[in-house]
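Listing of input20.cif; format and content: mmCIF, C-alpha atoms.
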data_model
loop_
_atom_site.label_atom_id
_atom_site.label_comp_id
_atom_site.auth_asym_id
_atom_site.auth_seq_id
_atom_site.Cartn_x
_atom_site.Cartn_y
_atom_site.Cartn_z
CA MET C 1 88.71 64.45 18.95
CA LYS C 2 85.32 63.58 20.43
CA ASP C 3 84.43 67.07 21.62
CA ARG C 4 85.97 69.02 18.74
CA TYR C 5 82.56 70.41 17.74
CA LEU C 6 80.66 71.86 20.68
CA HIS C 7 76.95 72.38 21.06
CA THR C 8 74.73 73.52 23.93
CA ASP C 9 71.01 74.12 24.15
CA LYS C 10 71.82 77.06 26.46
CA ALA C 11 72.80 79.13 23.42
CA PRO C 12 70.86 79.69 20.20
CA GLN C 13 70.92 76.98 17.58
CA ALA C 14 72.96 77.68 14.48
CA ILE C 15 70.85 79.29 11.77
CA GLY C 16 73.11 78.02 9.00
CA PRO C 17 75.65 75.34 8.17
CA TYR C 18 78.10 76.02 11.00
CA SER C 19 78.93 74.84 14.53
CA GLN C 20 78.44 76.90 17.67
CA ALA C 21 82.11 76.31 18.44
CA VAL C 22 85.10 74.29 17.30
CA ARG C 23 88.08 73.28 19.44
CA ALA C 24 91.38 73.12 17.51
CA GLY C 25 95.05 73.54 18.39
CA GLY C 26 94.41 74.40 22.03
CA MET C 27 91.92 77.10 21.09
CA LEU C 28 88.14 77.35 21.06
CA TYR C 29 86.63 79.28 18.15
CA ILE C 30 83.06 80.39 18.85
CA SER C 31 80.88 81.41 15.94
CA GLY C 32 79.37 84.88 16.01
CA GLN C 33 76.50 85.07 18.46
CA ILE C 34 73.56 87.29 17.75
CA PRO C 35 71.23 88.30 20.63
CA VAL C 36 68.76 85.45 20.33
CA ASP C 37 67.22 84.21 23.57
CA PRO C 38 67.82 80.44 23.42
CA ALA C 39 64.56 79.78 25.32
CA THR C 40 62.37 81.57 22.78
CA GLY C 41 64.46 81.59 19.61
CA GLU C 42 63.68 85.30 19.25
CA LEU C 43 65.84 88.42 19.33
CA VAL C 44 65.84 90.30 22.63
CA GLU C 45 64.68 93.93 22.80
CA PRO C 46 66.09 96.20 20.10
CA SER C 47 68.64 98.16 22.11
CA PHE C 48 72.38 97.91 21.58
CA ALA C 49 73.03 97.36 25.32
CA ALA C 50 70.44 94.57 25.69
CA GLN C 51 71.61 92.87 22.53
CA THR C 52 75.24 93.07 23.63
CA ARG C 53 74.35 91.50 26.99
CA GLN C 54 72.45 88.64 25.31
CA SER C 55 75.24 88.00 22.81
CA MET C 56 77.73 87.86 25.68
CA ALA C 57 75.43 85.53 27.65
CA ASN C 58 75.27 83.23 24.63
CA LEU C 59 79.06 83.23 24.34
CA SER C 60 79.35 82.50 28.07
CA ALA C 61 77.00 79.50 27.73
CA ILE C 62 79.12 78.04 24.94
CA LEU C 63 82.30 78.65 26.93
CA ALA C 64 80.73 76.87 29.91
CA GLU C 65 79.92 73.86 27.71
CA ALA C 66 83.66 73.71 26.92
CA GLY C 67 84.58 74.04 30.61
CA LEU C 68 85.81 77.60 30.10
CA THR C 69 84.84 81.12 31.16
CA LEU C 70 85.23 84.60 29.73
CA ALA C 71 88.56 84.76 31.58
CA ASP C 72 89.84 82.32 28.93
CA ALA C 73 88.89 84.65 26.05
CA VAL C 74 91.83 85.96 24.04
CA LYS C 75 90.07 87.76 21.16
CA THR C 76 86.60 89.01 20.34
CA THR C 77 85.16 90.70 17.30
CA ILE C 78 82.06 92.87 17.64
CA TYR C 79 79.90 93.68 14.66
CA LEU C 80 77.53 96.67 15.01
CA THR C 81 74.96 98.00 12.61
CA ASP C 82 75.56 101.56 13.88
CA MET C 83 78.91 102.72 15.28
CA ASP C 84 77.13 105.66 16.93
CA HIS C 85 76.25 103.14 19.68
CA PHE C 86 79.90 102.20 20.32
CA ALA C 87 79.95 103.66 23.87
CA GLU C 88 76.70 101.88 24.82
CA VAL C 89 78.08 98.57 23.56
CA ASN C 90 81.41 99.13 25.34
CA GLU C 91 79.66 99.69 28.66
CA ALA C 92 77.53 96.54 28.36
CA TYR C 93 80.49 94.49 27.10
CA ALA C 94 82.89 95.65 29.84
CA ALA C 95 80.50 94.48 32.57
CA PHE C 96 81.29 90.86 31.61
CA PHE C 97 85.00 91.10 32.44
CA ASP C 98 86.56 91.28 35.93
CA GLY C 99 90.16 91.61 34.89
CA PRO C 100 91.96 92.47 31.70
CA CYS C 101 89.79 92.24 28.62
CA PRO C 102 90.74 90.17 25.58
CA ALA C 103 92.05 91.71 22.38
CA ARG C 104 89.18 93.03 20.29
CA ALA C 105 88.06 94.48 17.01
CA CYS C 106 84.80 96.34 16.49
CA VAL C 107 83.41 97.10 13.06
CA GLU C 108 80.25 98.55 11.60
CA VAL C 109 78.32 96.37 9.16
CA SER C 110 75.28 97.12 7.05
CA ARG C 111 73.16 94.17 8.25
CA LEU C 112 73.24 91.18 10.58
CA PRO C 113 71.21 87.95 10.60
CA LYS C 114 67.60 88.22 11.78
CA GLY C 115 67.90 92.02 11.88
CA ALA C 116 70.15 91.97 14.96
CA LEU C 117 71.98 95.15 15.97
CA VAL C 118 74.99 93.31 17.45
CA GLU C 119 76.93 90.12 16.77
CA ILE C 120 79.99 89.01 18.73
CA GLU C 121 82.44 86.20 18.02
CA LEU C 122 85.09 84.94 20.41
CA VAL C 123 88.31 82.95 20.49
CA ALA C 124 89.41 81.36 23.77
CA SER C 125 92.44 79.46 24.94
CA CYS C 126 91.74 75.93 26.13
#

Rewrite the structure from the file as structure tokens, please.
Amino acid sequence: MKDRYLHTDKAPQAIGPYSQAVRAGGMLYISGQIPVDPATGELVEPSFAAQTRQSMANLSAILAEAGLTLADAVKTTIYLTDMDHFAEVNEAYAAFFDGPCPARACVEVSRLPKGALVEIELVASC
């Protein structure tokens, strides 16, 4: 499949040996997105809300490259470095959805790449 592995310059470049997204079996699997501004290659401001918004923007850019939107999302996983900011992340995350939200898991982790506070991965239906 020619477009099995997706890439867009409108989302951060992979910082390891992985693809931004892979299409397989009618699904799009998007690698975890940390809050890197694709224009600068740097993390956005160190707040959980700002970093959630940037991670979601990065996911949206990859979805757009695949011809999809957040309405096609079926599952997300959010990784936080501090679960005390769960409500702040929820509020920023919810603003990206007009209708029902996808299934989701949210877990606390000790560290994320580049010192990010938030990382979000997404699975969408093609």

Quiz item: Quick one: of C:Ala71, C:Ala95, C:Met56, C:Leu43, who's nearest to Gly115 (chain C), counting only C-alpha atoms?
Solution: C:Leu43

Self-check item: Atom pair CA of Lys10 (chain C) / CA of Glu42 (chain C): separation (Å)
Solution: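 CA of Glu42 (chain C) lies at a distance of 13.6 Å from CA of Lys10 (chain C).
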
Quiz item: Leaving out Ala14 (chain C) and any residue of its chain fewer than 3 positions from it, which residues lie within 10 Å of it when counting all atoms listed in the file, given as an MDAnalysis selection string?
Solution: chainID C and resid 7 11 17:20 31:33

Practice problem: Apply the PyMOL selection byres ((chain C and resi 124) around 10) to the displayed file and report the matching residues as a list of chain:residue names. | Solution: C:Arg23, C:Gly26, C:Met27, C:Leu28, C:Tyr29, C:Ile30, C:Leu63, C:Leu68, C:Thr69, C:Leu70, C:Ala71, C:Asp72, C:Ala73, C:Val74, C:Lys75, C:Thr76, C:Pro102, C:Leu122, C:Val123, C:Ser125, C:Cys126

Exercise. Check the smallest atom-to-atom distance from each of C:Ile120, C:Val22, C:Ala92, C:Val109 to Arg53 (chain C) using all atoms listed in the file, then report the winner.
Key: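 Closest to Arg53 (chain C), using all atoms listed in the file: C:Ala92.
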
Quiz item: Which residues match the PyMOL selection byres ((chain C and resi 54) around 12) in the file above, as a VMD selection string?
Solution: chain C and resid 10 to 12 33 to 39 42 to 53 55 to 61 89 92 to 93 96 116 to 120

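Using only C-alpha atoms, the smallest distance between any of C:Ala21, C:Cys101, C:Leu112, C:Cys106 and Met83 (chain C) comes from C:Cys106.
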
Quiz item: How many Å lie between CA of Leu80 (chain C) and CA of Ala105 (chain C), rounded to one decimal?
Solution: 10.9 Å

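The two atoms in question, CA of Val107 (chain C) and CA of Thr77 (chain C), are spaced 7.9 Å apart.
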